[in-house]
file final_16.cif (mmCIF, C-alpha atoms and all ligand atoms)
data_start
loop_
_atom_site.label_atom_id
_atom_site.label_comp_id
_atom_site.auth_asym_id
_atom_site.auth_seq_id
_atom_site.Cartn_x
_atom_site.Cartn_y
_atom_site.Cartn_z
CA MET A 98 -26.86 -16.07 22.10
CA LYS A 99 -23.33 -15.02 21.24
CA VAL A 100 -20.13 -16.88 20.53
CA ASP A 101 -16.70 -15.96 21.85
CA ILE A 102 -14.06 -15.94 19.18
CA ALA A 103 -10.39 -15.06 19.08
CA ILE A 104 -8.93 -13.97 15.77
CA ARG A 105 -5.70 -12.38 14.70
CA VAL A 106 -6.24 -9.68 12.11
CA ASN A 107 -3.28 -8.02 10.41
CA GLY A 108 -1.11 -9.15 13.31
CA GLU A 109 -3.45 -7.83 16.02
CA GLU A 110 -5.28 -10.15 18.43
CA TRP A 111 -9.02 -9.66 18.87
CA SER A 112 -11.43 -11.34 21.30
CA LEU A 113 -14.98 -10.79 20.15
CA ASP A 114 -18.51 -11.78 21.11
CA VAL A 115 -20.43 -12.36 17.91
CA LYS A 116 -23.86 -13.58 16.99
CA PRO A 117 -23.55 -17.01 15.36
CA ASN A 118 -25.15 -15.80 12.12
CA ARG A 119 -22.81 -12.87 11.50
CA THR A 120 -20.47 -13.09 8.56
CA LEU A 121 -16.78 -12.39 8.74
CA VAL A 122 -17.03 -9.52 6.26
CA ASP A 123 -19.59 -7.77 8.45
CA VAL A 124 -17.52 -8.25 11.60
CA LEU A 125 -14.37 -6.95 9.88
CA ARG A 126 -16.14 -3.91 8.47
CA GLU A 127 -18.62 -3.07 11.22
CA ASP A 128 -16.94 -4.22 14.42
CA LEU A 129 -13.27 -3.71 13.57
CA GLY A 130 -13.75 -0.76 11.20
CA LEU A 131 -11.73 -2.44 8.46
CA THR A 132 -13.79 -1.09 5.60
CA GLY A 133 -11.10 -1.73 2.99
CA THR A 134 -12.70 -5.15 2.56
CA LYS A 135 -15.60 -4.50 0.19
CA LYS A 136 -18.96 -6.20 0.23
CA GLY A 137 -20.54 -6.52 -3.20
CA CYS A 138 -22.90 -9.40 -3.86
CA GLY A 139 -22.86 -10.87 -0.36
CA GLU A 140 -23.27 -14.34 -1.83
CA GLY A 141 -19.88 -15.53 -3.01
CA LYS A 142 -20.13 -14.40 -6.61
CA CYS A 143 -17.96 -11.28 -6.98
CA GLY A 144 -14.83 -11.73 -4.86
CA SER A 145 -14.80 -8.13 -3.65
CA CYS A 146 -14.83 -9.37 -0.05
CA THR A 147 -11.74 -11.57 -0.49
CA ILE A 148 -9.41 -11.72 2.51
CA LEU A 149 -6.68 -14.19 3.37
CA MET A 150 -7.59 -16.66 6.08
CA ASN A 151 -4.60 -18.71 7.19
CA GLY A 152 -2.93 -17.61 3.97
CA LYS A 153 -5.71 -18.73 1.63
CA PRO A 154 -8.06 -16.39 -0.21
CA VAL A 155 -11.66 -16.73 0.92
CA ASN A 156 -14.87 -14.86 0.27
CA SER A 157 -15.46 -13.38 3.69
CA CYS A 158 -19.18 -12.99 2.95
CA LEU A 159 -19.44 -16.79 2.92
CA VAL A 160 -17.57 -17.35 6.19
CA LEU A 161 -19.31 -16.99 9.50
CA ALA A 162 -17.21 -15.05 11.98
CA ALA A 163 -17.60 -17.99 14.37
CA GLN A 164 -15.93 -20.23 11.78
CA ALA A 165 -12.90 -17.94 11.81
CA ASP A 166 -12.21 -18.63 15.49
CA GLY A 167 -8.47 -19.12 15.90
CA ALA A 168 -7.68 -17.95 12.38
CA GLU A 169 -5.02 -15.63 11.11
CA ILE A 170 -6.65 -13.04 8.87
CA LEU A 171 -5.06 -10.61 6.46
CA THR A 172 -7.13 -7.75 5.07
CA ILE A 173 -6.07 -5.06 2.64
CA GLU A 174 -5.20 -2.80 5.57
CA GLY A 175 -2.47 -5.26 6.53
CA LEU A 176 -0.99 -5.75 3.07
CA SER A 177 1.47 -2.88 3.08
CA GLY A 178 4.07 -1.95 5.63
CA LYS A 179 5.62 1.51 5.66
CA GLU A 180 5.84 1.30 1.90
CA PRO A 181 3.06 0.11 -0.43
CA HIS A 182 3.21 -3.58 -1.30
CA PRO A 183 4.85 -4.23 -4.73
CA LEU A 184 1.49 -5.42 -6.05
CA GLN A 185 -0.08 -2.10 -5.05
CA VAL A 186 2.68 -0.22 -6.87
CA ALA A 187 2.29 -2.41 -9.95
CA PHE A 188 -1.51 -2.01 -10.00
CA ALA A 189 -1.10 1.77 -9.88
CA GLU A 190 1.65 1.83 -12.51
CA LYS A 191 -0.16 -0.45 -14.95
CA GLY A 192 -3.50 1.33 -14.65
CA ALA A 193 -5.12 -1.75 -13.11
CA ILE A 194 -7.33 0.34 -10.83
CA GLN A 195 -10.33 2.31 -12.01
CA CYS A 196 -13.23 2.53 -9.56
CA GLY A 197 -11.19 0.46 -7.13
CA TYR A 198 -14.06 -1.59 -5.77
CA CYS A 199 -12.56 -4.92 -6.79
CA THR A 200 -8.99 -3.89 -5.96
CA PRO A 201 -8.61 -4.98 -2.31
CA GLY A 202 -9.90 -8.47 -3.06
CA MET A 203 -7.93 -8.68 -6.29
CA LEU A 204 -4.70 -7.70 -4.53
CA LEU A 205 -5.17 -10.31 -1.80
CA THR A 206 -5.95 -13.01 -4.34
CA ALA A 207 -2.81 -12.02 -6.24
CA LYS A 208 -0.74 -12.07 -3.06
CA ALA A 209 -1.93 -15.58 -2.22
CA LEU A 210 -1.06 -16.73 -5.73
CA LEU A 211 2.45 -15.26 -5.64
CA ASP A 212 3.06 -16.58 -2.13
CA ALA A 213 2.24 -20.09 -3.35
CA ASN A 214 3.87 -19.71 -6.77
CA PRO A 215 6.25 -16.77 -7.27
CA ASN A 216 6.42 -17.34 -10.99
CA PRO A 217 2.94 -18.07 -12.36
CA GLY A 218 2.21 -17.93 -16.06
CA GLU A 219 -0.47 -15.71 -17.55
CA ASP A 220 -2.99 -18.54 -17.62
CA GLU A 221 -2.36 -19.35 -13.96
CA ILE A 222 -2.91 -15.71 -13.07
CA LYS A 223 -6.16 -15.62 -15.02
CA GLU A 224 -7.30 -18.79 -13.32
CA ALA A 225 -6.40 -17.46 -9.87
CA ILE A 226 -8.37 -14.23 -10.32
CA ALA A 227 -11.34 -15.89 -12.03
CA GLY A 228 -13.46 -15.46 -8.89
CA ASN A 229 -12.67 -11.75 -8.58
CA LEU A 230 -14.94 -9.75 -10.86
CA CYS A 231 -13.91 -6.38 -12.22
CA ARG A 232 -16.42 -4.41 -14.23
CA CYS A 233 -14.01 -1.60 -15.19
CA THR A 234 -10.59 -2.68 -16.39
CA GLY A 235 -11.19 -5.57 -18.76
CA TYR A 236 -8.67 -7.58 -16.68
CA ASN A 237 -5.67 -7.18 -19.03
CA LYS A 238 -4.07 -4.44 -16.97
CA ILE A 239 -4.65 -6.45 -13.79
CA VAL A 240 -2.96 -9.49 -15.32
CA LYS A 241 -0.06 -7.30 -16.51
CA ALA A 242 0.33 -5.81 -13.03
CA ILE A 243 0.49 -9.25 -11.44
CA MET A 244 2.91 -10.44 -14.15
CA ALA A 245 5.16 -7.50 -13.23
CA CYS A 246 5.45 -8.91 -9.71
CA THR A 247 6.41 -12.45 -10.67
CA SER A 248 9.93 -13.52 -9.87
CA ALA A 249 10.69 -14.03 -13.58
CA ASP A 250 9.79 -10.44 -14.34
CA ARG A 251 11.85 -9.08 -11.47
CA LYS A 252 15.04 -10.89 -12.41
S1 LIG A 301 -19.37 -9.86 -1.46
FE1 LIG A 301 -18.43 -11.75 -1.08
S2 LIG A 301 -18.25 -12.67 -3.02
FE2 LIG A 301 -19.36 -10.84 -3.43
S1 LIG A 302 -11.65 -1.29 -10.96
FE1 LIG A 302 -13.82 -1.06 -10.86
S2 LIG A 302 -14.51 -3.07 -10.45
FE2 LIG A 302 -12.40 -3.31 -10.81
#
call {"tool": "encode", "arguments": {"input": "final_16.cif", "output": "structure tokens", "more": "lines below"}}
Ligand code: FES
Ligand code: FES
result
Amino acid sequence: MKVDIAIRVNGEEWSLDVKPNRTLVDVLREDLGLTGTKKGCGEGKCGSCTILMNGKPVNSCLVLAAQADGAEILTIEGLSGKEPHPLQVAFAEKGAIQCGYCTPGMLLTAKALLDANPNPGEDEIKEAIAGNLCRCTGYNKIVKAIMACTSADRK
């Protein structure tokens, strides 16, 4: 049995037939070829699969594709326009990327935070990214990169 779903991903409409047990991360990566979304633990513990669903960060390994029917999805492929997103520039400039595995999810979590609160404090940033694990950077450079994109820093 399959389920018909309609989702909008990075501004593009998709109508898909999916098995009810397939996760959103697998459909994004395997069916739509959007492999920028990483799959680490597959059980909601690492945050590498974070995407924005209706503007909110979610672990796409914990969402069934069928549950995303009607949703607006943003993946890392949709973050930048012709130019890199300011968060991407800041991550590169501050050395907040090493192996890069956590980076797509981290960037989308940061975007959701700044969309909701353009001027978060350091503690709010740390709290927002608490579900996104990074085994390389020690987090300080990531926090600094996000701080560099707050409205207070840009004034
Ligand atoms: S792969 Fe989804 S939280 Fe780890
Ligand atoms: S840069 Fe390697 S896991 Fe974050």
call {"tool": "closest_residue", "arguments": {"input": "final_16.cif", "among": "A:Val240, A:Ala225, A:Leu131, A:Ala213", "to": "Thr172 of chain A", "atoms": "all atoms listed in the file"}}
result
A:Leu131
call {"tool": "residues_near_ligand", "arguments": {"input": "final_16.cif", "ligand": "ligand LIG 302 (chain A)", "cutoff": "7 Å", "atoms": "only C-alpha atoms and all ligand atoms", "output": "list in words"}}
result
Ala193, Ile194, Gln195, Cys196, Gly197, Tyr198, Cys199, Thr200, Leu230, Cys231, Arg232, Cys233 and Thr234 of chain A
call {"tool": "write_last_selection", "arguments": {"input": "final_16.cif", "atoms": "C-alpha atoms", "output": "PDB file, keeping the file's coordinate frame"}}
result
ATOM      1  CA  ALA A 193      -5.120  -1.750 -13.110  1.00  0.00           C
ATOM      2  CA  ILE A 194      -7.330   0.340 -10.830  1.00  0.00           C
ATOM      3  CA  GLN A 195     -10.330   2.310 -12.010  1.00  0.00           C
ATOM      4  CA  CYS A 196     -13.230   2.530  -9.560  1.00  0.00           C
ATOM      5  CA  GLY A 197     -11.190   0.460  -7.130  1.00  0.00           C
ATOM      6  CA  TYR A 198     -14.060  -1.590  -5.770  1.00  0.00           C
ATOM      7  CA  CYS A 199     -12.560  -4.920  -6.790  1.00  0.00           C
ATOM      8  CA  THR A 200      -8.990  -3.890  -5.960  1.00  0.00           C
ATOM      9  CA  LEU A 230     -14.940  -9.750 -10.860  1.00  0.00           C
ATOM     10  CA  CYS A 231     -13.910  -6.380 -12.220  1.00  0.00           C
ATOM     11  CA  ARG A 232     -16.420  -4.410 -14.230  1.00  0.00           C
ATOM     12  CA  CYS A 233     -14.010  -1.600 -15.190  1.00  0.00           C
ATOM     13  CA  THR A 234     -10.590  -2.680 -16.390  1.00  0.00           C
TER      14      THR A 234
END
call {"tool": "residues_near_ligand", "arguments": {"input": "final_16.cif", "ligand": "ligand LIG 301 (chain A)", "cutoff": "6 Å", "atoms": "only C-alpha atoms and all ligand atoms", "output": "list in words"}}
result
Lys136, Gly137, Cys138, Gly139, Glu140, Gly141, Lys142, Cys143, Gly144, Ser145, Cys146, Asn156, Ser157 and Cys158 of chain A
call {"tool": "residues_around", "arguments": {"input": "final_16.cif", "residues": "Gly152 of chain A", "least_positions_apart": "6", "cutoff": "12 Å", "atoms": "only C-alpha atoms", "output": "number ranges by chain"}}
result
A: 106-107, 168-172, 205-213
call {"tool": "atom_distance", "arguments": {"input": "final_16.cif", "atom1": "atom CA of Leu121 of chain A", "atom2": "atom CA of Ala165 of chain A"}}
result
7.4 Å
call {"tool": "atom_distance", "arguments": {"input": "final_16.cif", "atom1": "atom CA of Leu204 of chain A", "atom2": "atom CA of Glu127 of chain A"}}
result
21.5 Å
call {"tool": "atom_distance", "arguments": {"input": "final_16.cif", "atom1": "atom CA of Thr134 of chain A", "atom2": "atom CA of Lys241 of chain A"}}
result
23.0 Å
call {"tool": "closest_residue", "arguments": {"input": "final_16.cif", "among": "A:Val124, A:Ile226, A:Leu113, A:Leu184", "to": "Pro154 of chain A", "atoms": "only C-alpha atoms"}}
result
A:Ile226
call {"tool": "closest_residue", "arguments": {"input": "final_16.cif", "among": "A:Gly192, A:Pro117, A:Gly167, A:Pro217", "to": "Ile104 of chain A", "atoms": "all atoms listed in the file"}}
result
A:Gly167
